[in-house]
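Asks: The following file, input-v8.cif, comprises mmCIF, C-alpha atoms:
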```
data_work
#
loop_
_atom_site.group_PDB
_atom_site.id
_atom_site.type_symbol
_atom_site.label_atom_id
_atom_site.label_comp_id
_atom_site.auth_asym_id
_atom_site.auth_seq_id
_atom_site.Cartn_x
_atom_site.Cartn_y
_atom_site.Cartn_z
ATOM 1 C CA MET A 1 0.000 0.000 0.000
ATOM 2 C CA LYS A 2 1.420 3.353 -1.057
ATOM 3 C CA ILE A 3 0.811 6.303 1.261
ATOM 4 C CA LEU A 4 1.887 9.908 0.821
ATOM 5 C CA ILE A 5 2.060 12.332 3.741
ATOM 6 C CA GLY A 6 2.409 16.087 3.356
ATOM 7 C CA THR A 7 5.500 16.570 5.527
ATOM 8 C CA LYS A 8 9.145 15.627 5.871
ATOM 9 C CA ASN A 9 8.948 15.692 9.697
ATOM 10 C CA PRO A 10 10.315 12.291 10.797
ATOM 11 C CA GLY A 11 8.089 12.121 13.903
ATOM 12 C CA LYS A 12 4.925 12.726 11.909
ATOM 13 C CA ILE A 13 5.940 10.182 9.270
ATOM 14 C CA ALA A 14 6.725 7.555 11.925
ATOM 15 C CA GLY A 15 3.422 8.158 13.745
ATOM 16 C CA ALA A 16 1.413 7.849 10.535
ATOM 17 C CA GLU A 17 3.251 4.667 9.573
ATOM 18 C CA GLN A 18 2.618 3.120 12.999
ATOM 19 C CA ALA A 19 -1.100 3.935 12.753
ATOM 20 C CA PHE A 20 -1.471 2.318 9.326
ATOM 21 C CA LEU A 21 0.521 -0.743 10.422
ATOM 22 C CA GLU A 22 -2.108 -1.348 13.107
ATOM 23 C CA TYR A 23 -4.551 -2.207 10.285
ATOM 24 C CA PHE A 24 -2.611 -2.930 7.100
ATOM 25 C CA ARG A 25 0.457 -4.865 5.968
ATOM 26 C CA ASP A 26 3.098 -3.821 3.463
ATOM 27 C CA VAL A 27 2.780 -0.115 4.165
ATOM 28 C CA GLU A 28 5.083 2.180 2.202
ATOM 29 C CA ILE A 29 4.945 5.812 3.295
ATOM 30 C CA GLU A 30 6.671 8.745 1.630
ATOM 31 C CA GLY A 31 6.916 12.253 3.020
ATOM 32 C CA ILE A 32 6.565 15.141 0.602
ATOM 33 C CA PRO A 33 6.646 18.680 2.007
ATOM 34 C CA VAL A 34 3.623 20.726 0.988
ATOM 35 C CA SER A 35 2.110 23.922 2.337
ATOM 36 C CA SER A 36 -0.690 24.036 4.863
ATOM 37 C CA ASP A 37 -1.670 27.535 3.714
ATOM 38 C CA VAL A 38 -2.451 28.536 7.314
ATOM 39 C CA SER A 39 -0.596 30.377 10.105
ATOM 40 C CA ASP A 40 2.669 29.014 11.480
ATOM 41 C CA GLU A 41 0.739 28.288 14.665
ATOM 42 C CA PRO A 42 -2.756 27.342 13.517
ATOM 43 C CA LEU A 43 -5.561 28.571 15.746
ATOM 44 C CA ASN A 44 -8.866 26.739 16.315
ATOM 45 C CA GLU A 45 -10.462 25.691 12.981
ATOM 46 C CA GLU A 46 -7.226 26.527 11.158
ATOM 47 C CA ILE A 47 -5.796 23.288 12.547
ATOM 48 C CA TYR A 48 -8.258 21.153 10.558
ATOM 49 C CA ILE A 49 -8.055 23.502 7.549
ATOM 50 C CA GLY A 50 -4.253 23.248 7.517
ATOM 51 C CA ALA A 51 -4.300 19.445 7.616
ATOM 52 C CA LYS A 52 -6.915 19.320 4.846
ATOM 53 C CA ASN A 53 -4.952 21.826 2.750
ATOM 54 C CA ARG A 54 -1.861 19.636 3.084
ATOM 55 C CA VAL A 55 -3.843 16.657 1.754
ATOM 56 C CA ASN A 56 -5.272 18.648 -1.152
ATOM 57 C CA ASN A 57 -1.882 20.176 -2.008
ATOM 58 C CA LEU A 58 -0.307 16.727 -1.796
ATOM 59 C CA MET A 59 -2.924 15.241 -4.130
ATOM 60 C CA GLN A 60 -2.297 18.073 -6.604
ATOM 61 C CA TYR A 61 1.477 17.485 -6.373
ATOM 62 C CA ALA A 62 0.997 13.758 -6.956
ATOM 63 C CA LYS A 63 -1.228 14.411 -9.975
ATOM 64 C CA GLU A 64 1.258 16.870 -11.501
ATOM 65 C CA ASN A 65 4.139 14.423 -10.965
ATOM 66 C CA ASN A 66 2.307 11.226 -11.968
ATOM 67 C CA ILE A 67 2.631 9.684 -8.507
ATOM 68 C CA GLU A 68 -0.023 7.150 -7.565
ATOM 69 C CA ALA A 69 -0.983 6.418 -3.963
ATOM 70 C CA ASP A 70 -3.732 4.657 -2.051
ATOM 71 C CA TYR A 71 -3.943 7.266 0.721
ATOM 72 C CA PHE A 72 -2.986 10.912 1.117
ATOM 73 C CA LEU A 73 -2.302 12.244 4.619
ATOM 74 C CA GLY A 74 -1.987 15.602 6.291
ATOM 75 C CA ILE A 75 -1.492 16.480 9.936
ATOM 76 C CA GLU A 76 -1.403 19.843 11.634
ATOM 77 C CA SER A 77 -0.710 20.790 15.219
ATOM 78 C CA GLY A 78 -2.152 23.935 16.699
ATOM 79 C CA ILE A 79 -3.637 25.743 19.656
ATOM 80 C CA THR A 80 -7.350 25.836 20.347
ATOM 81 C CA LYS A 81 -9.742 27.172 22.929
ATOM 82 C CA ASN A 82 -12.741 25.296 21.526
ATOM 83 C CA LEU A 83 -13.390 23.634 24.891
ATOM 84 C CA GLY A 84 -12.976 26.840 26.908
ATOM 85 C CA ARG A 85 -9.330 26.187 27.824
ATOM 86 C CA TRP A 86 -6.174 26.588 25.729
ATOM 87 C CA THR A 87 -5.042 23.221 24.409
ATOM 88 C CA ILE A 88 -2.517 21.930 21.894
ATOM 89 C CA VAL A 89 -3.998 19.284 19.597
ATOM 90 C CA ASN A 90 -3.055 17.493 16.380
ATOM 91 C CA VAL A 91 -5.601 17.030 13.607
ATOM 92 C CA ALA A 92 -5.052 14.332 10.978
ATOM 93 C CA VAL A 93 -6.857 14.261 7.635
ATOM 94 C CA ILE A 94 -6.856 11.243 5.321
ATOM 95 C CA LYS A 95 -8.200 10.968 1.796
ATOM 96 C CA ASN A 96 -8.167 7.750 -0.159
ATOM 97 C CA LYS A 97 -7.461 7.641 -3.889
ATOM 98 C CA ASP A 98 -11.221 7.928 -4.537
ATOM 99 C CA GLY A 99 -11.366 11.237 -2.636
ATOM 100 C CA GLU A 100 -13.216 9.949 0.456
ATOM 101 C CA GLU A 101 -12.119 11.962 3.477
ATOM 102 C CA SER A 102 -11.892 11.240 7.173
ATOM 103 C CA TRP A 103 -10.267 13.103 10.039
ATOM 104 C CA GLY A 104 -9.333 12.594 13.655
ATOM 105 C CA ASN A 105 -7.480 14.316 16.430
ATOM 106 C CA SER A 106 -4.962 13.426 19.068
ATOM 107 C CA PRO A 107 -5.272 13.828 22.786
ATOM 108 C CA GLY A 108 -4.695 17.449 23.698
ATOM 109 C CA PHE A 109 -2.571 18.941 26.416
ATOM 110 C CA PRO A 110 -3.128 22.155 28.360
ATOM 111 C CA VAL A 111 -1.216 25.372 27.731
ATOM 112 C CA PRO A 112 -0.495 27.672 30.677
ATOM 113 C CA ASP A 113 -1.980 31.134 30.095
ATOM 114 C CA LYS A 114 1.481 32.737 30.413
ATOM 115 C CA TYR A 115 2.590 31.052 27.131
ATOM 116 C CA VAL A 116 -0.558 31.435 25.000
ATOM 117 C CA ASP A 117 0.224 34.812 23.382
ATOM 118 C CA GLU A 118 3.815 33.861 22.587
ATOM 119 C CA ILE A 119 2.732 30.524 21.049
ATOM 120 C CA ILE A 120 0.127 32.269 18.876
ATOM 121 C CA LYS A 121 2.639 34.948 17.776
ATOM 122 C CA THR A 122 5.427 32.466 16.964
ATOM 123 C CA ASP A 123 4.740 28.739 17.279
ATOM 124 C CA LEU A 124 4.789 26.030 19.916
ATOM 125 C CA GLY A 125 8.156 24.675 18.754
ATOM 126 C CA GLN A 126 9.932 27.984 19.325
ATOM 127 C CA VAL A 127 8.390 28.387 22.767
ATOM 128 C CA MET A 128 9.320 24.809 23.737
ATOM 129 C CA ASP A 129 12.883 25.306 22.463
ATOM 130 C CA LYS A 130 13.170 28.374 24.700
ATOM 131 C CA ILE A 131 11.589 26.757 27.777
ATOM 132 C CA PHE A 132 13.714 23.607 27.591
ATOM 133 C CA ASN A 133 16.842 25.256 26.132
ATOM 134 C CA GLU A 134 16.760 22.959 23.100
ATOM 135 C CA LYS A 135 16.891 23.329 19.325
ATOM 136 C CA GLU A 136 14.242 22.002 16.953
ATOM 137 C CA ILE A 137 12.342 19.958 19.574
ATOM 138 C CA ARG A 138 9.530 19.620 17.015
ATOM 139 C CA LEU A 139 11.686 17.507 14.700
ATOM 140 C CA GLY A 140 12.387 14.868 17.321
ATOM 141 C CA LYS A 141 10.190 13.517 20.077
ATOM 142 C CA GLY A 142 8.419 16.862 20.349
ATOM 143 C CA GLY A 143 7.780 19.144 23.285
ATOM 144 C CA ILE A 144 5.195 16.719 24.636
ATOM 145 C CA SER A 145 8.019 14.281 25.354
ATOM 146 C CA PHE A 146 9.614 16.869 27.650
ATOM 147 C CA LEU A 147 6.283 17.741 29.281
ATOM 148 C CA THR A 148 5.395 14.084 29.977
ATOM 149 C CA HIS A 149 8.928 13.089 31.001
ATOM 150 C CA ASP A 150 9.245 10.768 27.975
ATOM 151 C CA LYS A 151 5.916 8.990 28.543
ATOM 152 C CA ILE A 152 4.336 10.329 25.320
ATOM 153 C CA SER A 153 6.108 11.554 22.195
ATOM 154 C CA ARG A 154 5.072 13.490 19.109
ATOM 155 C CA ILE A 155 5.058 10.128 17.331
ATOM 156 C CA ASP A 156 2.458 8.850 19.815
ATOM 157 C CA LEU A 157 0.183 11.892 19.346
ATOM 158 C CA THR A 158 0.464 11.614 15.563
ATOM 159 C CA LYS A 159 -0.286 7.882 15.656
ATOM 160 C CA GLU A 160 -3.388 8.440 17.801
ATOM 161 C CA ALA A 161 -4.701 11.195 15.506
ATOM 162 C CA PHE A 162 -4.287 8.974 12.436
ATOM 163 C CA ILE A 163 -5.911 5.982 14.166
ATOM 164 C CA MET A 164 -8.923 8.195 14.901
ATOM 165 C CA ALA A 165 -8.998 9.294 11.254
ATOM 166 C CA LEU A 166 -8.758 5.671 10.087
ATOM 167 C CA THR A 167 -11.994 4.678 11.887
ATOM 168 C CA LYS A 168 -13.964 5.595 8.763
ATOM 169 C CA PHE A 169 -11.772 3.461 6.512
ATOM 170 C CA VAL A 170 -11.363 0.356 8.686
ATOM 171 C CA ASN A 171 -15.026 -0.167 9.606
ATOM 172 C CA GLY A 172 -16.631 -0.396 6.187
ATOM 173 C CA ASP A 173 -20.101 0.989 5.698
ATOM 174 C CA ILE A 174 -21.079 0.947 9.385
ATOM 175 C CA TRP A 175 -19.036 4.131 10.079
ATOM 176 C CA LYS A 176 -19.477 5.973 6.779
#
```
Take the structure in this file and express it as C-alpha cells.
Replies:
Amino acid sequence: MKILIGTKNPGKIAGAEQAFLEYFRDVEIEGIPVSSDVSDEPLNEEIYIGAKNRVNNLMQYAKENNIEADYFLGIESGITKNLGRWTIVNVAVIKNKDGEESWGNSPGFPVPDKYVDEIIKTDLGQVMDKIFNEKEIRLGKGGISFLTHDKISRIDLTKEAFIMALTKFVNGDIWK
C-alpha cells in the first residue's frame, strides 16, 4: 500500500506509519513537504483547515508528478480554545485515492496562560525550544516528550490522531 504524507517531519511520518501498520500490511509511506496555507501556529479551525490543505496540495502534487498512492495524509498541530481552555492538539486528515475523506485528532494537552500569546505569535516549537533550552524539539520527540517526562512523544500523538482518522476506513459501511 502506497501512502503519501504532506510533511518531511520524521516524527509525523513515523506516527502515521505506525497507525497504518495497526490495520494494514506492506505499508510504504513517503513524506513530501507541501504547504498548509495557514498560520505558522494554527488557531482553532485553522488546525483542521491546515491538515486538509496539506492533503489537497499533496494530491495536486501527486497528480502533476504522476505519482499514484492509495492514501494521502496531512497532519497539523495547533492551539485551540474550543473547549474553553487553551489546548494543543493534532488534527489528521486522510483521503483515499477515490477522494473519500476522514479526520481525527490526538489527545490534547493544556497550555499555561502565560505562554498562550507567545505561542500564537510564533509557534509552539519555538516556545518549547526556549523553555527547555533545546533546538528544533519539534523535529524529534516533540515538546510533549519533555512535558510528559518521555511517557508520550510526538510520534504517539500523531499515531493516535491517524488511528482516529482511520476509523472511517477500517469499519466499512457501518461508520461511513
Asks: Could you write out as a list of chain:residue names the residues that the PyMOL selection byres ((chain A and resi 161) around 8) matches in the shown file?
Replies: A:Asn90, A:Val91, A:Ala92, A:Gly104, A:Asn105, A:Ser106, A:Pro107, A:Leu157, A:Thr158, A:Lys159, A:Glu160, A:Phe162, A:Ile163, A:Met164, A:Ala165
Asks: With C-alpha atoms retained, could you export that selection as a PDB file, in the coordinates of the input?
Replies:
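File produced: again_25.pdb:
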```pdb
ATOM      1  CA  ASN A  90      -3.055  17.493  16.380  1.00  0.00           C
ATOM      2  CA  VAL A  91      -5.601  17.030  13.607  1.00  0.00           C
ATOM      3  CA  ALA A  92      -5.052  14.332  10.978  1.00  0.00           C
ATOM      4  CA  GLY A 104      -9.333  12.594  13.655  1.00  0.00           C
ATOM      5  CA  ASN A 105      -7.480  14.316  16.430  1.00  0.00           C
ATOM      6  CA  SER A 106      -4.962  13.426  19.068  1.00  0.00           C
ATOM      7  CA  PRO A 107      -5.272  13.828  22.786  1.00  0.00           C
ATOM      8  CA  LEU A 157       0.183  11.892  19.346  1.00  0.00           C
ATOM      9  CA  THR A 158       0.464  11.614  15.563  1.00  0.00           C
ATOM     10  CA  LYS A 159      -0.286   7.882  15.656  1.00  0.00           C
ATOM     11  CA  GLU A 160      -3.388   8.440  17.801  1.00  0.00           C
ATOM     12  CA  PHE A 162      -4.287   8.974  12.436  1.00  0.00           C
ATOM     13  CA  ILE A 163      -5.911   5.982  14.166  1.00  0.00           C
ATOM     14  CA  MET A 164      -8.923   8.195  14.901  1.00  0.00           C
ATOM     15  CA  ALA A 165      -8.998   9.294  11.254  1.00  0.00           C
TER      16      ALA A 165
END
```
Asks: Quick check, in Å to one decimal: how far apart do CA of Lys81 in chain A and CA of Pro112 in chain A lie?
Replies: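 Taking CA of Lys81 in chain A and CA of Pro112 in chain A, their separation equals 12.1 Å.
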Asks: Can you list what the PyMOL selection byres ((chain A and resi 48) around 9) grabs from this structure, as a ChimeraX atom specification?
Replies: /A:42,44-47,49-53,75-77,90-93,103
Asks: So which one's closest to Leu21 in chain A, A:Asn56, A:Asp113, A:Leu4, A:Leu166? Using all atoms listed in the file, please.
Replies: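 Under the stated criterion, the closest residue is A:Leu166.
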Asks: Up to 9 Å from (3.4, 10.6, 11.0) in the file's coordinates: name the residues, counting only C-alpha atoms, as a list in words.
Replies: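 Every polymer residue passing the test: Ile5, Thr7, Asn9, Pro10, Gly11, Lys12, Ile13, Ala14, Gly15, Ala16, Glu17, Gln18, Ala19, Gly31, Leu73, Gly74, Ile75, Arg154, Ile155, Thr158, Lys159 and Phe162 of chain A.
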Asks: Run the PyMOL selection byres ((chain A and resi 131-137) around 12) on the file and write out the hits as a VMD selection string.
Replies: chain A and resid 9 to 11 115 118 to 119 123 to 130 138 to 147 153 to 154
Asks: Expressed in Å to a single decimal, how great is the separation between CA of Ile88 in chain A and CA of Glu101 in chain A?
Replies: 23.0 Å
Asks: Could you work out an axis-aligned bounding box for all listed atoms of range 111-127 of chain A, with 6 Å added on each of the six sides, and give its centre and edge lengths in Å to one decimal, as AutoDock Vina command-line options?
Replies:
```
--center_x 4.0 --center_y 29.8 --center_z 23.8 --size_x 23.9 --size_y 22.3 --size_z 25.7
```
Asks: Given only C-alpha atoms as the basis, pick out the residue of A:Glu41, A:Lys63, A:Ser102, A:His149 nearest to Trp175 in chain A.
Replies: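 Residue with the minimum atom-to-atom distance to Trp175 in chain A: A:Ser102.
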Asks: Within 8 Å of (1.0, 29.0, 12.4) (file coordinates; only C-alpha atoms), which protein or nucleic acid residues are there? I'd like them as a list of chain:residue names.
Replies: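 In the file's frame, the residues around the point are A:Val38, A:Ser39, A:Asp40, A:Glu41, A:Pro42, A:Leu43, A:Gly78, A:Ile120, A:Thr122, A:Asp123.
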Asks: Counting only C-alpha atoms, which of A:Pro110, A:Glu64, A:Ile94, A:Asp156 gets nearest to Lys168 in chain A?
Replies: A:Ile94
Asks: May I ask for the distance between CA of Ser35 in chain A and CA of Tyr71 in chain A, given in Å to one decimal place?
Replies: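 Taking CA of Ser35 in chain A and CA of Tyr71 in chain A, their separation equals 17.8 Å.
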Asks: With distances taken over all atoms listed in the file, which of A:Phe72, A:Trp86, A:Tyr61, A:Tyr23 is nearest to Gly108 in chain A?
Replies: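 Answer, going by the shortest atom-to-atom distance: A:Trp86.
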Asks: Please identify all polymer residues within 6 Å of Gly6 in chain A, counting all atoms listed in the file, omitting same-chain residues fewer than 6 positions from it, and present them as a ChimeraX atom specification.
Replies: /A:31-34,54,58,74
